[in-house]
Amino acid sequence: MIIIIKKKGKMKKTIINTIALIMFFTGWLNANEVNIFSARHYDSDVQLYEKFTSKTGIKVNVISGKSSALEKRIAEEGSESKADLYITADAGRLGAFESSLQGGLTNAAIKKAVPSNFRTSKWVGIAKRARIVYFSPERVSGAELAGLTYESLADPKWKGRLVIRASNNIYNQSLVASLIKNNGKGKIAEWSKGMVSNMARSPKGNDRAQILAVAAGEADIAVANTYYLALMLSGKKGAEQQEAAKLVKPFFPNQDGRGTHMNISGAGLVKGAPNKANAIKLVEFLLSEEAQNHIVNNTFEYPMIKSVSPHPLVVNMGLDFKQDLKTKVVNYGKRQADALEVMTAAGWK
Ligand code: FE
């Protein structure tokens, strides 16, 4: 009796193996994966992809690197590229890479989840971030901040008091692109000169370095993205940065006008993607409540969907600010070259 069962088991195994071999050679097994090229540098994203795999059985292969290197590789490999999905932070970056994207992330579920200003026919936002002003409450009064706009950062009253990173930074290029969209290139060329003359030092370091400069008294105000203050306050960047973060306060500009400058992390389907259907499924998953909760609690970004709350440290920064939902993020790519041109012409390092 025992022998018969064993034989049956063996036979079953052989049949399964044969089916698997046929599926492999006909490409069925190959199809159950998705290849992501990601410029997001978060370990938590990998955990997120594991969740997707356990839910769907779709294997997620991740190639991570700097956006410029990933874009170069996809472009060079052309039709040979295995890339399905390109994921990066900043709409300006996605916009500049549009010619290698095929579109197709426009189904009803995606459109419902993502407000129209945070997507195009080629790519879609999966999380939001704001680029805001940080200030020292010891050296900057409420009266000085009242009505502050990005435009008014070039006011001479901030001379020698401002820090912001270099002009080659994509976050700055997108911010300046949005300013050009709203004010015209000529006005923002002048504004860039004012910004340069207000700088407390020649631009250096990342966004956290600007916040640290205000904490250290090198400057009174800084421009940086929202999630960096929460990241520093969380202690994930060490006790020193945590203490420094407590010495600065966030301020959301342009509240009396169009609202605070918003940007996205986003995804685009690469032209010739071999696993298109799986890539679309993954994007839908990234916009689900489960994935959005995972994202905001690890990266301190704002959720793209309404039903999810940001991390408590981000909630503490204030959620009642007006977001600029008028300036479509697609403009950040369209005006990127103009933005870099006016900054460079003004001597913005
Ligand atoms: Fe960042």
# chains A, B, ... in the order shown; residues from 1 in each chain; ligands from 1
>>> residues_near_ligand(ligand="ligand 1", cutoff="12 Å", atoms="only C-alpha atoms and all ligand atoms", output="VMD selection string")
chain A and resid 39 to 42 88 to 90 128 to 131 169 to 172 206 to 208 224 to 229 231 263 to 265 299 to 301
>>> select_by_dssp(residues="segment 127-180 of chain A", states="alpha helix (DSSP H)", output="list of chain:residue names")
A:Gly142, A:Ala143, A:Glu144, A:Leu145, A:Ile170, A:Tyr171, A:Asn172, A:Gln173, A:Ser174, A:Leu175, A:Val176, A:Ala177, A:Ser178, A:Leu179, A:Ile180
>>> residues_around(residues="Glu33 of chain A", least_positions_apart="3", cutoff="8 Å", atoms="only C-alpha atoms", output="number ranges by chain")
A: 30, 58-61, 275, 278
>>> residues_around(residues="Ala113 of chain A", least_positions_apart="6", cutoff="12 Å", atoms="only C-alpha atoms", output="ChimeraX atom specification")
/A:105-107,119,124-127,283-289,292,303-308
>>> atom_distance(atom1="atom CA of Phe97 of chain A", atom2="atom CA of Pro115 of chain A")
21.2 Å
>>> residues_around(residues="Leu145 of chain A", least_positions_apart="5", cutoff="10 Å", atoms="only C-alpha atoms", output="ChimeraX atom specification")
/A:133,135,140,251-253
>>> closest_atom_pairs(of="segment 202-293 of chain A", to="segment 176-197 of chain A", cutoff="12 Å", atoms="only C-alpha atoms", output="JSON lines")
{"residue": "A:Ser202", "atom": "CA", "partner": "A:Val196", "partner_atom": "CA", "distance": 8.4}
{"residue": "A:Pro203", "atom": "CA", "partner": "A:Val196", "partner_atom": "CA", "distance": 9.2}
{"residue": "A:Ala222", "atom": "CA", "partner": "A:Met195", "partner_atom": "CA", "distance": 11.5}
{"residue": "A:Val223", "atom": "CA", "partner": "A:Met195", "partner_atom": "CA", "distance": 11.3}
{"residue": "A:Asn254", "atom": "CA", "partner": "A:Leu179", "partner_atom": "CA", "distance": 11.3}
{"residue": "A:Gly257", "atom": "CA", "partner": "A:Asn182", "partner_atom": "CA", "distance": 11.0}
{"residue": "A:Arg258", "atom": "CA", "partner": "A:Asn182", "partner_atom": "CA", "distance": 9.2}
{"residue": "A:Gly259", "atom": "CA", "partner": "A:Ser178", "partner_atom": "CA", "distance": 11.6}
{"residue": "A:Thr260", "atom": "CA", "partner": "A:Ser178", "partner_atom": "CA", "distance": 10.7}
{"residue": "A:His261", "atom": "CA", "partner": "A:Ser178", "partner_atom": "CA", "distance": 7.7}
{"residue": "A:Met262", "atom": "CA", "partner": "A:Ser178", "partner_atom": "CA", "distance": 9.5}
{"residue": "A:Asn263", "atom": "CA", "partner": "A:Ser178", "partner_atom": "CA", "distance": 10.2}
>>> residues_around(residues="Gln255 of chain A", least_positions_apart="6", cutoff="12 Å", atoms="only C-alpha atoms", output="PyMOL selection string")
chain A and resi 132+145-150+261+320-324
>>> closest_residue(among="A:Ala213, A:Ala83, A:Ile63, A:Ala267", to="Gln241 of chain A", atoms="only C-alpha atoms")
A:Ala213
>>> closest_residue(among="A:Ala273, A:Val329, A:Ala216, A:Ala166", to="Glu240 of chain A", atoms="only C-alpha atoms")
A:Ala216
>>> closest_residue(among="A:Leu85, A:Trp123, A:Val214, A:Ile164", to="Lys111 of chain A", atoms="only C-alpha atoms")
A:Trp123
>>> decode(residues="segment 40-71 of chain A", atoms="N, CA and C atoms", output="compact mmCIF listing (two decimals), in the first residue's frame")
# COMPACT_ATOMS: atom_id res chain seq x y z
N ARG A 40 14.57 55.15 -6.38
CA ARG A 40 14.26 55.42 -4.97
C ARG A 40 15.17 54.56 -4.12
N HIS A 41 15.76 55.17 -3.11
CA HIS A 41 16.80 54.48 -2.34
C HIS A 41 16.28 54.00 -0.99
N TYR A 42 15.08 53.46 -0.98
CA TYR A 42 14.49 53.04 0.30
C TYR A 42 14.46 51.51 0.41
N ASP A 43 15.03 50.98 1.52
CA ASP A 43 14.93 49.54 1.79
C ASP A 43 13.47 49.14 1.94
N SER A 44 12.67 50.08 2.45
CA SER A 44 11.27 49.77 2.69
C SER A 44 10.51 49.46 1.40
N ASP A 45 11.00 49.97 0.28
CA ASP A 45 10.36 49.67 -1.01
C ASP A 45 10.48 48.17 -1.32
N VAL A 46 11.62 47.58 -0.94
CA VAL A 46 11.83 46.15 -1.19
C VAL A 46 10.82 45.33 -0.39
N GLN A 47 10.60 45.73 0.86
CA GLN A 47 9.59 45.03 1.68
C GLN A 47 8.20 45.15 1.03
N LEU A 48 7.97 46.30 0.44
CA LEU A 48 6.69 46.54 -0.22
C LEU A 48 6.51 45.58 -1.42
N TYR A 49 7.57 45.40 -2.20
CA TYR A 49 7.51 44.50 -3.35
C TYR A 49 7.32 43.06 -2.89
N GLU A 50 7.90 42.73 -1.73
CA GLU A 50 7.70 41.37 -1.19
C GLU A 50 6.23 41.15 -0.85
N LYS A 51 5.59 42.17 -0.32
CA LYS A 51 4.15 42.08 -0.02
C LYS A 51 3.37 41.81 -1.30
N PHE A 52 3.75 42.51 -2.35
CA PHE A 52 3.09 42.35 -3.65
C PHE A 52 3.26 40.92 -4.16
N THR A 53 4.47 40.38 -4.03
CA THR A 53 4.74 39.02 -4.49
C THR A 53 3.91 38.02 -3.69
N SER A 54 3.84 38.19 -2.38
CA SER A 54 3.09 37.20 -1.60
C SER A 54 1.60 37.28 -1.90
N LYS A 55 1.13 38.43 -2.33
CA LYS A 55 -0.29 38.59 -2.68
C LYS A 55 -0.63 38.01 -4.05
N THR A 56 0.29 38.20 -5.01
CA THR A 56 -0.03 37.92 -6.41
C THR A 56 0.76 36.75 -7.01
N GLY A 57 1.86 36.39 -6.36
CA GLY A 57 2.73 35.36 -6.94
C GLY A 57 3.64 35.92 -8.02
N ILE A 58 3.56 37.22 -8.26
CA ILE A 58 4.40 37.85 -9.29
C ILE A 58 5.75 38.24 -8.66
N LYS A 59 6.80 37.69 -9.22
CA LYS A 59 8.14 37.99 -8.70
C LYS A 59 8.56 39.39 -9.13
N VAL A 60 9.14 40.15 -8.19
CA VAL A 60 9.58 41.50 -8.51
C VAL A 60 11.11 41.54 -8.54
N ASN A 61 11.66 41.86 -9.68
CA ASN A 61 13.12 42.02 -9.81
C ASN A 61 13.42 43.51 -9.79
N VAL A 62 14.31 43.93 -8.90
CA VAL A 62 14.60 45.36 -8.77
C VAL A 62 16.04 45.66 -9.18
N ILE A 63 16.17 46.58 -10.11
CA ILE A 63 17.49 47.14 -10.42
C ILE A 63 17.46 48.54 -9.85
N SER A 64 18.31 48.82 -8.87
CA SER A 64 18.28 50.17 -8.32
C SER A 64 19.57 50.90 -8.63
N GLY A 65 19.48 52.21 -8.65
CA GLY A 65 20.64 53.02 -8.97
C GLY A 65 20.23 54.47 -9.07
N LYS A 66 21.17 55.31 -9.45
CA LYS A 66 20.85 56.73 -9.64
C LYS A 66 19.99 56.87 -10.89
N SER A 67 19.09 57.84 -10.86
CA SER A 67 18.17 58.00 -11.98
C SER A 67 18.91 58.15 -13.31
N SER A 68 19.99 58.95 -13.30
CA SER A 68 20.69 59.19 -14.56
C SER A 68 21.28 57.88 -15.13
N ALA A 69 21.82 57.03 -14.25
CA ALA A 69 22.41 55.76 -14.69
C ALA A 69 21.34 54.80 -15.21
N LEU A 70 20.20 54.76 -14.51
CA LEU A 70 19.11 53.86 -14.93
C LEU A 70 18.53 54.31 -16.27
N GLU A 71 18.35 55.62 -16.41
CA GLU A 71 17.78 56.16 -17.65
C GLU A 71 18.71 55.87 -18.83
